[in-house]
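input-v8.cif (mmCIF, C-alpha atoms and all ligand atoms)
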data_my_file
#
loop_
_atom_site.label_atom_id
_atom_site.label_comp_id
_atom_site.auth_asym_id
_atom_site.auth_seq_id
_atom_site.Cartn_x
_atom_site.Cartn_y
_atom_site.Cartn_z
CA MET I 1 40.67 -80.32 -82.22
CA ASN I 2 40.95 -78.31 -79.04
CA PRO I 3 43.63 -79.90 -76.83
CA PHE I 4 41.70 -79.49 -73.57
CA PRO I 5 39.07 -82.26 -73.92
CA ARG I 6 41.83 -84.70 -74.88
CA LEU I 7 43.85 -83.69 -71.84
CA LEU I 8 40.79 -84.15 -69.67
CA VAL I 9 40.18 -87.64 -70.98
CA ILE I 10 43.74 -88.53 -70.05
CA CYS I 11 43.37 -86.93 -66.62
CA THR I 12 40.21 -88.93 -66.05
CA LEU I 13 41.90 -92.16 -67.08
CA VAL I 14 44.84 -91.47 -64.80
CA LEU I 15 42.53 -90.56 -61.93
CA GLY I 16 40.51 -93.70 -62.54
CA ALA I 17 43.66 -95.81 -62.35
CA VAL I 18 44.75 -94.11 -59.14
CA LEU I 19 41.36 -94.54 -57.50
CA GLY I 20 41.23 -98.14 -58.68
CA ALA I 21 44.58 -98.80 -57.00
CA CYS I 22 43.25 -97.34 -53.75
CA GLU I 23 40.19 -99.55 -53.66
CA GLY I 24 39.79 -101.18 -50.28
CA ALA I 25 42.18 -98.63 -48.82
CA VAL I 26 41.23 -95.55 -46.82
CA ILE I 27 38.77 -93.09 -48.34
CA PRO I 28 40.68 -89.85 -48.96
CA ALA I 29 40.07 -87.29 -46.23
CA VAL I 30 38.46 -83.93 -46.86
CA GLY I 31 41.84 -82.38 -46.04
CA GLN I 32 43.02 -83.63 -49.43
CA LEU I 33 40.39 -81.68 -51.34
CA GLU I 34 41.42 -79.22 -54.06
CA GLY I 35 38.59 -76.84 -53.09
CA VAL I 36 38.92 -74.28 -50.29
CA VAL I 37 38.37 -76.45 -47.20
CA LEU I 38 36.23 -74.90 -44.44
CA GLN I 39 37.64 -74.95 -40.92
CA THR I 40 34.33 -76.19 -39.58
CA PRO I 41 31.93 -78.07 -41.86
CA ALA I 42 28.88 -75.90 -42.69
CA ALA I 43 25.32 -77.09 -42.16
CA LYS I 44 23.18 -77.04 -45.28
CA ALA I 45 21.37 -73.74 -45.84
CA VAL I 46 17.66 -73.75 -45.05
CA PHE I 47 15.40 -71.65 -47.32
CA THR I 48 12.45 -71.98 -49.66
CA LEU I 49 12.26 -70.19 -53.03
CA THR I 50 10.30 -70.72 -56.25
CA ASP I 51 11.56 -72.93 -59.10
CA THR I 52 11.28 -72.16 -62.82
CA GLY I 53 8.08 -74.20 -62.99
CA GLY I 54 6.48 -71.89 -60.39
CA ARG I 55 6.56 -74.46 -57.58
CA PRO I 56 7.93 -73.83 -54.08
CA TYR I 57 11.37 -75.41 -53.62
CA ASP I 58 12.48 -76.23 -50.08
CA PHE I 59 16.24 -76.35 -50.68
CA SER I 60 17.40 -78.54 -47.79
CA LEU I 61 14.46 -80.94 -48.15
CA GLU I 62 14.59 -81.31 -51.95
CA THR I 63 18.35 -81.94 -51.96
CA LYS I 64 18.44 -84.28 -48.94
CA GLY I 65 20.96 -87.10 -49.41
CA ARG I 66 22.25 -85.60 -52.68
CA LEU I 67 25.63 -84.13 -53.54
CA THR I 68 24.37 -80.56 -53.75
CA PHE I 69 25.74 -77.50 -55.55
CA LEU I 70 24.45 -74.05 -54.62
CA TYR I 71 25.33 -70.98 -56.63
CA PHE I 72 24.03 -67.41 -56.51
CA GLY I 73 24.35 -65.59 -59.83
CA TYR I 74 22.52 -63.83 -62.66
CA THR I 75 22.00 -64.72 -66.29
CA ASN I 76 23.31 -61.40 -67.70
CA CYS I 77 26.69 -62.24 -66.16
CA PRO I 78 28.99 -63.11 -69.09
CA ASP I 79 32.15 -64.13 -67.37
CA ILE I 80 31.79 -65.85 -63.98
CA CYS I 81 28.40 -67.58 -63.60
CA PRO I 82 28.36 -69.39 -66.96
CA VAL I 83 31.91 -70.64 -66.43
CA HIS I 84 30.99 -72.44 -63.19
CA LEU I 85 27.86 -73.99 -64.72
CA ALA I 86 29.66 -75.04 -67.90
CA GLN I 87 32.44 -76.67 -65.91
CA LEU I 88 29.97 -78.64 -63.77
CA ALA I 89 28.06 -79.83 -66.85
CA GLU I 90 31.32 -80.86 -68.52
CA VAL I 91 32.58 -82.71 -65.44
CA PHE I 92 29.25 -84.50 -64.95
CA GLY I 93 29.61 -85.83 -68.51
CA GLN I 94 32.75 -87.57 -67.33
CA LEU I 95 31.50 -88.73 -63.92
CA PRO I 96 28.11 -90.41 -64.49
CA GLU I 97 27.96 -91.74 -60.92
CA VAL I 98 28.44 -88.22 -59.57
CA ARG I 99 25.88 -86.77 -61.98
CA ARG I 100 23.22 -89.34 -60.99
CA ASN I 101 23.59 -88.36 -57.35
CA SER I 102 23.95 -84.59 -57.75
CA THR I 103 21.60 -81.62 -57.76
CA VAL I 104 22.77 -78.23 -59.06
CA VAL I 105 20.78 -75.26 -57.77
CA PHE I 106 21.20 -71.80 -59.33
CA VAL I 107 19.59 -68.94 -57.40
CA THR I 108 19.22 -65.66 -59.30
CA VAL I 109 20.32 -62.49 -57.53
CA ASP I 110 18.65 -60.47 -60.31
CA PRO I 111 14.94 -61.29 -59.99
CA GLU I 112 14.12 -58.08 -61.89
CA ARG I 113 15.57 -59.28 -65.22
CA ASP I 114 15.73 -63.03 -64.57
CA THR I 115 12.18 -64.24 -65.14
CA PRO I 116 11.56 -67.99 -64.76
CA GLU I 117 11.69 -68.33 -68.59
CA VAL I 118 15.01 -66.47 -68.81
CA ILE I 119 16.53 -68.61 -66.04
CA ARG I 120 15.27 -71.82 -67.62
CA SER I 121 16.68 -71.04 -71.05
CA PHE I 122 20.02 -69.97 -69.52
CA LEU I 123 20.35 -73.20 -67.48
CA ASP I 124 19.23 -75.36 -70.40
CA ALA I 125 22.33 -74.19 -72.27
CA PHE I 126 24.25 -76.28 -69.73
CA SER I 127 21.83 -78.92 -68.45
CA SER I 128 18.07 -79.22 -68.31
CA ASP I 129 18.58 -80.97 -64.93
CA PHE I 130 19.92 -77.81 -63.27
CA VAL I 131 17.38 -76.26 -60.90
CA GLY I 132 16.72 -72.50 -61.17
CA LEU I 133 15.25 -70.54 -58.27
CA SER I 134 13.93 -67.03 -57.75
CA GLY I 135 11.86 -65.12 -55.23
CA SER I 136 11.32 -61.64 -53.83
CA PRO I 137 14.49 -59.58 -53.20
CA GLU I 138 13.98 -60.17 -49.46
CA GLU I 139 13.65 -63.94 -49.88
CA ILE I 140 16.76 -64.07 -52.08
CA GLU I 141 18.74 -62.01 -49.58
CA ALA I 142 17.63 -64.32 -46.76
CA ALA I 143 18.73 -67.36 -48.79
CA GLN I 144 22.22 -65.85 -49.26
CA ARG I 145 22.49 -65.12 -45.53
CA ALA I 146 21.35 -68.68 -44.78
CA ALA I 147 24.12 -69.96 -47.05
CA GLY I 148 26.68 -67.72 -45.36
CA VAL I 149 27.55 -65.57 -48.39
CA PRO I 150 27.44 -61.75 -48.46
CA PRO I 151 24.19 -60.63 -50.16
CA ALA I 152 24.56 -59.47 -53.77
CA VAL I 153 24.53 -55.73 -54.56
CA LYS I 154 23.37 -53.92 -57.67
CA GLU I 155 26.14 -51.80 -59.20
CA GLY I 156 26.04 -49.11 -61.88
CA GLY I 157 22.87 -47.64 -63.29
CA GLY I 158 20.64 -47.86 -66.33
CA GLU I 159 19.64 -51.02 -68.14
CA LYS I 160 23.16 -52.41 -68.14
CA TYR I 161 23.58 -52.53 -64.35
CA THR I 162 25.78 -55.30 -63.02
CA ILE I 163 25.62 -57.18 -59.73
CA GLY I 164 28.42 -57.86 -57.29
CA HIS I 165 27.85 -61.36 -55.97
CA ALA I 166 29.55 -64.30 -54.29
CA GLY I 167 31.78 -65.95 -56.87
CA GLN I 168 32.09 -69.36 -55.22
CA VAL I 169 30.07 -72.53 -55.67
CA LEU I 170 28.93 -73.98 -52.32
CA VAL I 171 28.92 -77.77 -52.20
CA TYR I 172 27.17 -79.98 -49.65
CA ALA I 173 28.02 -83.68 -49.40
CA PRO I 174 25.20 -86.26 -49.20
CA ASP I 175 25.52 -86.12 -45.38
CA GLY I 176 24.22 -82.53 -45.59
CA LEU I 177 27.49 -80.84 -44.66
CA GLY I 178 29.61 -78.40 -46.64
CA TYR I 179 33.31 -79.26 -46.38
CA SER I 180 34.72 -77.01 -49.10
CA VAL I 181 33.78 -74.18 -51.44
CA TYR I 182 34.89 -73.58 -55.04
CA PRO I 183 35.89 -70.03 -55.97
CA PHE I 184 36.20 -68.69 -59.49
CA GLY I 185 39.36 -70.17 -60.99
CA THR I 186 38.49 -73.76 -60.00
CA ARG I 187 39.54 -76.06 -62.82
CA GLN I 188 37.65 -79.04 -64.17
CA SER I 189 40.46 -81.26 -62.90
CA ASP I 190 39.84 -79.91 -59.35
CA TRP I 191 36.17 -80.87 -59.60
CA ILE I 192 37.06 -84.29 -61.02
CA HIS I 193 39.40 -84.85 -58.09
CA ASP I 194 37.02 -83.69 -55.33
CA LEU I 195 33.54 -84.83 -56.31
CA PRO I 196 34.04 -88.60 -55.93
CA ILE I 197 35.53 -87.92 -52.46
CA LEU I 198 32.58 -85.75 -51.40
CA LEU I 199 30.10 -88.27 -52.78
CA GLU I 200 31.46 -90.79 -50.25
CA ARG I 201 30.46 -88.53 -47.36
CA VAL I 202 27.12 -90.09 -46.50
CA GLU I 203 25.25 -89.98 -43.23
CA SER I 204 26.49 -92.72 -40.90
CA MET U 205 51.23 -85.88 -76.26
CA ARG U 206 53.09 -82.72 -75.40
CA ARG U 207 54.25 -82.34 -78.98
CA ILE U 208 50.67 -82.66 -80.25
CA THR U 209 49.46 -80.03 -77.78
CA ILE U 210 52.19 -77.58 -78.72
CA TRP U 211 51.57 -78.18 -82.41
CA ALA U 212 47.84 -77.56 -81.97
CA PHE U 213 48.65 -74.37 -80.09
CA VAL U 214 51.08 -73.14 -82.75
CA THR U 215 48.56 -73.86 -85.50
CA SER U 216 45.74 -72.05 -83.75
CA VAL U 217 47.94 -69.00 -83.12
CA ALA U 218 49.04 -68.95 -86.75
CA VAL U 219 45.43 -69.11 -87.94
CA ALA U 220 44.00 -66.61 -85.47
CA CYS U 221 46.67 -63.92 -85.53
CA THR U 222 46.03 -60.38 -86.68
CA ALA U 223 48.73 -57.74 -86.88
CA SER U 224 48.38 -54.04 -87.48
CA ALA U 225 50.81 -51.19 -86.80
CA GLY U 226 52.59 -53.01 -84.03
CA ILE U 227 49.49 -54.51 -82.45
CA GLN U 228 49.10 -58.24 -82.70
CA VAL U 229 45.96 -59.95 -81.45
CA SER U 230 45.86 -63.72 -81.02
CA ASN U 231 43.72 -66.53 -79.59
CA ALA U 232 40.48 -64.57 -79.97
CA VAL U 233 37.48 -66.57 -78.73
CA ILE U 234 33.86 -65.71 -77.99
CA ALA U 235 32.07 -67.85 -75.41
CA GLU U 236 28.96 -69.45 -76.88
CA PRO U 237 26.24 -67.34 -75.22
CA ALA U 238 23.95 -69.00 -72.68
CA GLY U 239 22.08 -65.80 -71.80
CA ALA U 240 21.62 -62.34 -73.33
CA ASN U 241 25.31 -61.45 -73.03
CA THR U 242 28.65 -63.08 -73.50
CA ALA U 243 32.36 -62.22 -73.59
CA LEU U 244 35.25 -62.04 -76.03
CA TYR U 245 38.76 -63.00 -74.90
CA PHE U 246 42.15 -62.63 -76.63
CA GLU U 247 45.78 -61.62 -76.15
CA ILE U 248 47.19 -58.29 -77.33
CA GLU U 249 50.88 -57.95 -78.05
CA ASN U 250 52.35 -54.52 -78.66
CA THR U 251 55.47 -55.05 -80.76
CA ARG U 252 56.42 -51.37 -80.85
CA ASN U 253 58.43 -49.47 -78.25
CA GLU U 254 55.67 -47.08 -77.24
CA PRO U 255 52.51 -47.86 -75.33
CA ASP U 256 49.14 -48.03 -77.08
CA ARG U 257 45.64 -48.22 -75.63
CA LEU U 258 42.60 -50.33 -76.39
CA ILE U 259 39.74 -47.83 -76.24
CA GLY U 260 36.76 -49.75 -77.60
CA ALA U 261 35.39 -52.55 -79.77
CA ARG U 262 32.73 -52.98 -82.43
CA THR U 263 31.02 -55.98 -83.98
CA GLU U 264 27.84 -56.60 -85.94
CA VAL U 265 26.68 -59.37 -83.60
CA ALA U 266 26.39 -57.31 -80.38
CA THR U 267 27.00 -54.05 -78.55
CA ALA U 268 30.60 -54.28 -77.33
CA GLU U 269 32.27 -52.69 -74.30
CA VAL U 270 35.65 -53.21 -72.64
CA HIS U 271 35.08 -54.64 -69.15
CA ARG U 272 36.93 -56.01 -66.18
CA SER U 273 35.80 -58.60 -63.65
CA PHE U 274 37.49 -58.49 -60.27
CA SER U 275 37.21 -59.90 -56.79
CA GLU U 276 36.66 -57.54 -53.85
CA GLY U 277 35.10 -57.86 -50.42
CA GLY U 278 34.36 -61.54 -50.89
CA GLN U 279 32.38 -60.90 -54.07
CA MET U 280 32.95 -60.85 -57.82
CA HIS U 281 32.25 -57.55 -59.54
CA MET U 282 32.34 -56.27 -63.10
CA GLU U 283 32.93 -52.76 -64.41
CA HIS U 284 33.31 -50.89 -67.68
CA VAL U 285 36.86 -49.65 -68.31
CA ALA U 286 37.52 -46.64 -70.55
CA SER U 287 40.84 -47.93 -71.86
CA VAL U 288 43.47 -50.61 -71.36
CA GLU U 289 47.11 -49.72 -71.81
CA VAL U 290 49.44 -52.14 -73.55
CA GLY U 291 53.02 -51.07 -72.87
CA GLY U 292 55.72 -51.20 -75.55
CA GLY U 293 56.82 -54.81 -76.03
CA GLU U 294 54.17 -56.04 -73.60
CA VAL U 295 51.38 -58.60 -73.76
CA VAL U 296 48.00 -58.09 -72.10
CA VAL U 297 45.73 -61.11 -71.70
CA PHE U 298 41.94 -60.83 -71.72
CA GLU U 299 40.60 -63.93 -69.95
CA PRO U 300 37.65 -65.19 -67.88
CA GLY U 301 37.55 -63.54 -64.46
CA GLY U 302 39.55 -60.53 -65.67
CA LEU U 303 39.59 -58.23 -68.69
CA HIS U 304 37.10 -59.04 -71.43
CA VAL U 305 35.11 -57.41 -74.19
CA MET U 306 31.54 -57.73 -73.02
CA LEU U 307 29.02 -58.45 -75.78
CA PHE U 308 25.54 -57.20 -74.90
CA ASP U 309 22.37 -58.58 -76.50
CA VAL U 310 24.43 -60.87 -78.64
CA ASP U 311 22.97 -62.67 -81.68
CA ARG U 312 22.55 -66.43 -81.59
CA LEU U 313 26.03 -67.88 -82.22
CA GLN U 314 27.00 -71.45 -83.07
CA PRO U 315 30.20 -73.18 -81.91
CA ASP U 316 33.07 -72.75 -84.41
CA GLN U 317 31.32 -69.83 -86.09
CA VAL U 318 33.82 -67.05 -86.81
CA VAL U 319 32.88 -63.50 -85.81
CA VAL U 320 34.66 -60.37 -87.04
CA VAL U 321 35.39 -57.80 -84.32
CA LEU U 322 37.14 -54.46 -84.68
CA LEU U 323 39.32 -53.55 -81.70
CA GLU U 324 39.88 -49.80 -81.51
CA PHE U 325 43.36 -48.63 -80.48
CA GLU U 326 44.46 -45.07 -79.79
CA ILE U 327 47.52 -45.29 -82.07
CA ALA U 328 47.10 -48.43 -84.18
CA GLY U 329 43.49 -47.55 -85.04
CA ASP U 330 41.01 -50.33 -85.84
CA VAL U 331 42.45 -53.82 -85.69
CA GLU U 332 40.27 -56.48 -87.29
CA VAL U 333 40.09 -59.71 -85.34
CA GLU U 334 38.45 -63.01 -86.25
CA ALA U 335 37.10 -64.68 -83.11
CA ALA U 336 35.98 -68.30 -83.03
CA VAL U 337 32.89 -69.19 -80.98
CA LYS U 338 33.67 -71.86 -78.34
CA PRO U 339 31.71 -73.36 -75.45
CA TYR U 340 32.69 -71.96 -72.02
CA ALA U 341 33.93 -75.40 -70.95
CA ALA U 342 36.48 -75.35 -73.79
CA ILE U 343 37.71 -71.87 -72.82
CA VAL U 344 38.14 -72.61 -69.10
CA PRO U 345 39.49 -76.16 -68.79
CU CU I 401 31.43 -57.69 -68.58
#

Representation of the structure as structure tokens:
Amino acid sequence: MNPFPRLLVICTLVLGAVLGACEGAVIPAVGQLEGVVLQTPAAKAVFTLTDTGGRPYDFSLETKGRLTFLYFGYTNCPDICPVHLAQLAEVFGQLPEVRRNSTVVFVTVDPERDTPEVIRSFLDAFSSDFVGLSGSPEEIEAAQRAAGVPPAVKEGGGEKYTIGHAGQVLVYAPDGLGYSVYPFGTRQSDWIHDLPILLERVES
Amino acid sequence: MRRITIWAFVTSVAVACTASAGIQVSNAVIAEPAGANTALYFEIENTRNEPDRLIGARTEVATAEVHRSFSEGGQMHMEHVASVEVGGGEVVVFEPGGLHVMLFDVDRLQPDQVVVVLLEFEIAGDVEVEAAVKPYAAIVP
């Protein structure tokens, strides 16, 4: 057996015990997050794209009150995008309360190759609940600007072109604010630590 | 717990090791593909005194190329690299977010399936590696 899942189970148990001991005490502050904490909380990005079912998806409206994950990537990416999505799916399996209250939104930065079918089958490898969005190149660029990430750029030529793109997952708490971002290299234990804290951030 | 982990590690290295003319490749894993492409990761140890270079890779399940992911200007990028030098006595690690063998248009692969890959070295020649297919979440904890 791979040692990692076993380690994770233990981490989860330990974390559970720690959180249990804190019950009734102060909710941990965002300053204690493992993610990269933003100096000023970011307002949720406002944009509308098209989901894999062909319906318009108003991002801020559809994810209102949810713990929301926003990631810009492409399905031909072998090494960065799938790692983030796989980690989230794995962590959700261990945090059912978080999963119930979360929405994961993947926006393709490669609308040329990523048809709705391709996006759907890619996301289904991780979770059929993950939302996949696409649009025109202009709409996708506007969505990235709205989210405060540098727009993706096509690199190299031919069929095997790659795309330079933001490597971090943006997270918005249920209160609609982004307190921290999660660059490549984030570990499952970091997610397990931070998500219950962010879930507590509800509109007062 | 620690003893179990170390034992599991030692066992997996012993099973997955390939040696050829001073080049030893261990911990070879292929991420279970979610899209058209995926990646192969491993560690190369050069047990000789002189440097050698990884110059390519071949497998029946995909078109293979040596690649590097890197962070620059607030973005993640990926590029093809012509060769990777492994100095005498040195270890080079291929891992997510860094060096990898990119597998294009990969066949459908099942977890725990074993895939044979030939790593092409300038001096050591072809080194045959058996890579186990693992989910991404098991490769990046
Ligand atoms: Cu690559």

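Where the distance criterion is 8 Å and the atoms used are only C-alpha atoms and all ligand atoms, the residues close to ligand CU 401 (chain I) are Cys77, Pro78 and Asp79 of chain I; Thr242, Ala243, Glu269, Val270, His271, Arg272, Ser273, Met282, Glu283, His284, His304, Val305, Met306 and Leu307 of chain U.
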
*Take the point (20.4, -74.0, -60.5) in the file's coordinates, draw a sphere of radius 10 Å around it, and report as a ChimeraX atom specification every protein, DNA or RNA residue with an atom inside or on it, counting only C-alpha atoms.*
/I:51-52,69-73,85,103-108,119-120,122-123,127-134

*Find the residues of chain U in contact range of chain I, meaning any atom within 10 Å when counting all atoms listed in the file, and list them as a ChimeraX atom specification.*
/U:205-206,208-213,216,235-244,272-284,299-309,338-345

_Separation of CA of Gly178 (chain I) from CA of Ser136 (chain I), in Å and rounded to one decimal_ = 25.8 Å

*Within 6 Å of Val337 (chain U), counting all atoms listed in the file, which residues show up once you throw out same-chain ones fewer than 2 positions away? Write them as a VMD selection string, please.*
chain U and resid 233 to 236 315 to 317

Mind checking which residues fall within 9 Å of Glu264 (chain U), counting all atoms listed in the file, ignoring those fewer than 5 positions away in the same chain, and posting them as a compact mmCIF listing (two decimals) with C-alpha atoms, keeping the file's coordinate frame?
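That gives us around-v2.txt:
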# COMPACT_ATOMS: atom_id res chain seq x y z
CA ASP U 311 22.97 -62.67 -81.68
CA VAL U 319 32.88 -63.50 -85.81
CA VAL U 320 34.66 -60.37 -87.04
CA VAL U 321 35.39 -57.80 -84.32

*In Å, rounded to a single decimal, give me how far CA of Val295 (chain U) is from CA of Arg257 (chain U).*
12.0 Å

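From CA of Leu258 (chain U) back to CA of Leu323 (chain U), the distance works out to 7.0 Å.
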
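If you measure from each of I:Leu67, I:Glu117, I:Val169, I:Glu97 to Val202 (chain I) using only C-alpha atoms, the closest one turns out to be I:Leu67.
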
*asked:* Residues within 12 Å of Val171 (chain I), please, as JSON, numbers by chain. Count all atoms listed in the file; anything in the same chain fewer than 2 positions from it doesn't count.
replied: {"I": [35, 36, 37, 38, 41, 42, 43, 44, 45, 63, 66, 67, 68, 69, 70, 71, 88, 102, 103, 104, 105, 147, 168, 169, 173, 174, 175, 176, 177, 178, 179, 180, 181, 182, 183, 191, 194, 195, 198, 199, 201]}

May I have the protein, DNA and RNA residues with an atom at most 12 Å from (40.1, -54.0, -78.2), counting all atoms listed in the file in the file's coordinates, returned as a compact mmCIF listing (two decimals) with C-alpha atoms, keeping the file's coordinate frame?
# COMPACT_ATOMS: atom_id res chain seq x y z
CA ILE U 227 49.49 -54.51 -82.45
CA GLN U 228 49.10 -58.24 -82.70
CA VAL U 229 45.96 -59.95 -81.45
CA SER U 230 45.86 -63.72 -81.02
CA ALA U 232 40.48 -64.57 -79.97
CA LEU U 244 35.25 -62.04 -76.03
CA TYR U 245 38.76 -63.00 -74.90
CA PHE U 246 42.15 -62.63 -76.63
CA GLU U 247 45.78 -61.62 -76.15
CA ILE U 248 47.19 -58.29 -77.33
CA GLU U 249 50.88 -57.95 -78.05
CA ASP U 256 49.14 -48.03 -77.08
CA ARG U 257 45.64 -48.22 -75.63
CA LEU U 258 42.60 -50.33 -76.39
CA ILE U 259 39.74 -47.83 -76.24
CA GLY U 260 36.76 -49.75 -77.60
CA ALA U 261 35.39 -52.55 -79.77
CA ARG U 262 32.73 -52.98 -82.43
CA THR U 263 31.02 -55.98 -83.98
CA ALA U 268 30.60 -54.28 -77.33
CA GLU U 269 32.27 -52.69 -74.30
CA VAL U 270 35.65 -53.21 -72.64
CA HIS U 271 35.08 -54.64 -69.15
CA VAL U 285 36.86 -49.65 -68.31
CA ALA U 286 37.52 -46.64 -70.55
CA SER U 287 40.84 -47.93 -71.86
CA VAL U 288 43.47 -50.61 -71.36
CA GLU U 289 47.11 -49.72 -71.81
CA VAL U 290 49.44 -52.14 -73.55
CA VAL U 296 48.00 -58.09 -72.10
CA VAL U 297 45.73 -61.11 -71.70
CA PHE U 298 41.94 -60.83 -71.72
CA LEU U 303 39.59 -58.23 -68.69
CA HIS U 304 37.10 -59.04 -71.43
CA VAL U 305 35.11 -57.41 -74.19
CA MET U 306 31.54 -57.73 -73.02
CA VAL U 321 35.39 -57.80 -84.32
CA LEU U 322 37.14 -54.46 -84.68
CA LEU U 323 39.32 -53.55 -81.70
CA GLU U 324 39.88 -49.80 -81.51
CA PHE U 325 43.36 -48.63 -80.48
CA GLU U 326 44.46 -45.07 -79.79
CA ALA U 328 47.10 -48.43 -84.18
CA GLY U 329 43.49 -47.55 -85.04
CA ASP U 330 41.01 -50.33 -85.84
CA VAL U 331 42.45 -53.82 -85.69
CA GLU U 332 40.27 -56.48 -87.29
CA VAL U 333 40.09 -59.71 -85.34

_Exercise: Asp58 (chain I) partners within 9 Å, only C-alpha atoms, chain neighbours under 3 positions left out, as a ChimeraX atom specification_ = /I:46-50,61-63

Saved selection, atoms kept: C-alpha atoms, as a compact mmCIF listing (two decimals), keeping the file's coordinate frame:
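Output (part-v4.txt):
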# COMPACT_ATOMS: atom_id res chain seq x y z
CA VAL I 46 17.66 -73.75 -45.05
CA PHE I 47 15.40 -71.65 -47.32
CA THR I 48 12.45 -71.98 -49.66
CA LEU I 49 12.26 -70.19 -53.03
CA THR I 50 10.30 -70.72 -56.25
CA LEU I 61 14.46 -80.94 -48.15
CA GLU I 62 14.59 -81.31 -51.95
CA THR I 63 18.35 -81.94 -51.96

Save N, CA, C and O atoms of region 304-316 of chain U from the block above as a PDB file, in the first residue's frame.
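The resulting file, part_18.pdb, is reproduced below:
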ATOM      1  N   HIS U 304       9.862  16.352 -16.263  1.00  0.00           N
ATOM      2  CA  HIS U 304       9.029  15.166 -16.445  1.00  0.00           C
ATOM      3  C   HIS U 304       9.181  14.654 -17.862  1.00  0.00           C
ATOM      4  O   HIS U 304       9.656  15.378 -18.728  1.00  0.00           O
ATOM      5  N   VAL U 305       8.815  13.400 -18.074  1.00  0.00           N
ATOM      6  CA  VAL U 305       8.677  12.911 -19.448  1.00  0.00           C
ATOM      7  C   VAL U 305       7.209  13.048 -19.785  1.00  0.00           C
ATOM      8  O   VAL U 305       6.348  12.447 -19.148  1.00  0.00           O
ATOM      9  N   MET U 306       6.937  13.925 -20.740  1.00  0.00           N
ATOM     10  CA  MET U 306       5.546  14.169 -21.136  1.00  0.00           C
ATOM     11  C   MET U 306       5.112  13.040 -22.063  1.00  0.00           C
ATOM     12  O   MET U 306       5.845  12.663 -22.975  1.00  0.00           O
ATOM     13  N   LEU U 307       3.922  12.512 -21.819  1.00  0.00           N
ATOM     14  CA  LEU U 307       3.363  11.448 -22.653  1.00  0.00           C
ATOM     15  C   LEU U 307       2.165  12.010 -23.403  1.00  0.00           C
ATOM     16  O   LEU U 307       1.131  12.303 -22.799  1.00  0.00           O
ATOM     17  N   PHE U 308       2.331  12.162 -24.711  1.00  0.00           N
ATOM     18  CA  PHE U 308       1.269  12.737 -25.555  1.00  0.00           C
ATOM     19  C   PHE U 308       0.351  11.639 -26.081  1.00  0.00           C
ATOM     20  O   PHE U 308       0.809  10.546 -26.433  1.00  0.00           O
ATOM     21  N   ASP U 309      -0.935  11.974 -26.173  1.00  0.00           N
ATOM     22  CA  ASP U 309      -1.933  11.041 -26.726  1.00  0.00           C
ATOM     23  C   ASP U 309      -1.778   9.646 -26.141  1.00  0.00           C
ATOM     24  O   ASP U 309      -1.677   8.661 -26.856  1.00  0.00           O
ATOM     25  N   VAL U 310      -1.767   9.616 -24.854  1.00  0.00           N
ATOM     26  CA  VAL U 310      -1.487   8.373 -24.139  1.00  0.00           C
ATOM     27  C   VAL U 310      -2.690   7.417 -24.212  1.00  0.00           C
ATOM     28  O   VAL U 310      -3.842   7.866 -24.245  1.00  0.00           O
ATOM     29  N   ASP U 311      -2.401   6.121 -24.257  1.00  0.00           N
ATOM     30  CA  ASP U 311      -3.461   5.103 -24.229  1.00  0.00           C
ATOM     31  C   ASP U 311      -4.193   5.183 -22.889  1.00  0.00           C
ATOM     32  O   ASP U 311      -3.695   5.747 -21.927  1.00  0.00           O
ATOM     33  N   ARG U 312      -5.342   4.543 -22.833  1.00  0.00           N
ATOM     34  CA  ARG U 312      -6.062   4.421 -21.571  1.00  0.00           C
ATOM     35  C   ARG U 312      -5.225   3.577 -20.614  1.00  0.00           C
ATOM     36  O   ARG U 312      -4.818   2.466 -20.967  1.00  0.00           O
ATOM     37  N   LEU U 313      -4.937   4.082 -19.429  1.00  0.00           N
ATOM     38  CA  LEU U 313      -4.127   3.327 -18.469  1.00  0.00           C
ATOM     39  C   LEU U 313      -4.896   3.162 -17.171  1.00  0.00           C
ATOM     40  O   LEU U 313      -5.607   4.066 -16.755  1.00  0.00           O
ATOM     41  N   GLN U 314      -4.743   1.996 -16.552  1.00  0.00           N
ATOM     42  CA  GLN U 314      -5.429   1.707 -15.297  1.00  0.00           C
ATOM     43  C   GLN U 314      -4.438   1.827 -14.140  1.00  0.00           C
ATOM     44  O   GLN U 314      -3.261   1.499 -14.307  1.00  0.00           O
ATOM     45  N   PRO U 315      -4.925   2.255 -12.944  1.00  0.00           N
ATOM     46  CA  PRO U 315      -4.034   2.313 -11.788  1.00  0.00           C
ATOM     47  C   PRO U 315      -3.370   0.955 -11.543  1.00  0.00           C
ATOM     48  O   PRO U 315      -4.013  -0.084 -11.713  1.00  0.00           O
ATOM     49  N   ASP U 316      -2.109   0.996 -11.176  1.00  0.00           N
ATOM     50  CA  ASP U 316      -1.277  -0.174 -10.870  1.00  0.00           C
ATOM     51  C   ASP U 316      -0.840  -0.957 -12.101  1.00  0.00           C
ATOM     52  O   ASP U 316      -0.087  -1.921 -11.983  1.00  0.00           O
TER      53      ASP U 316
END
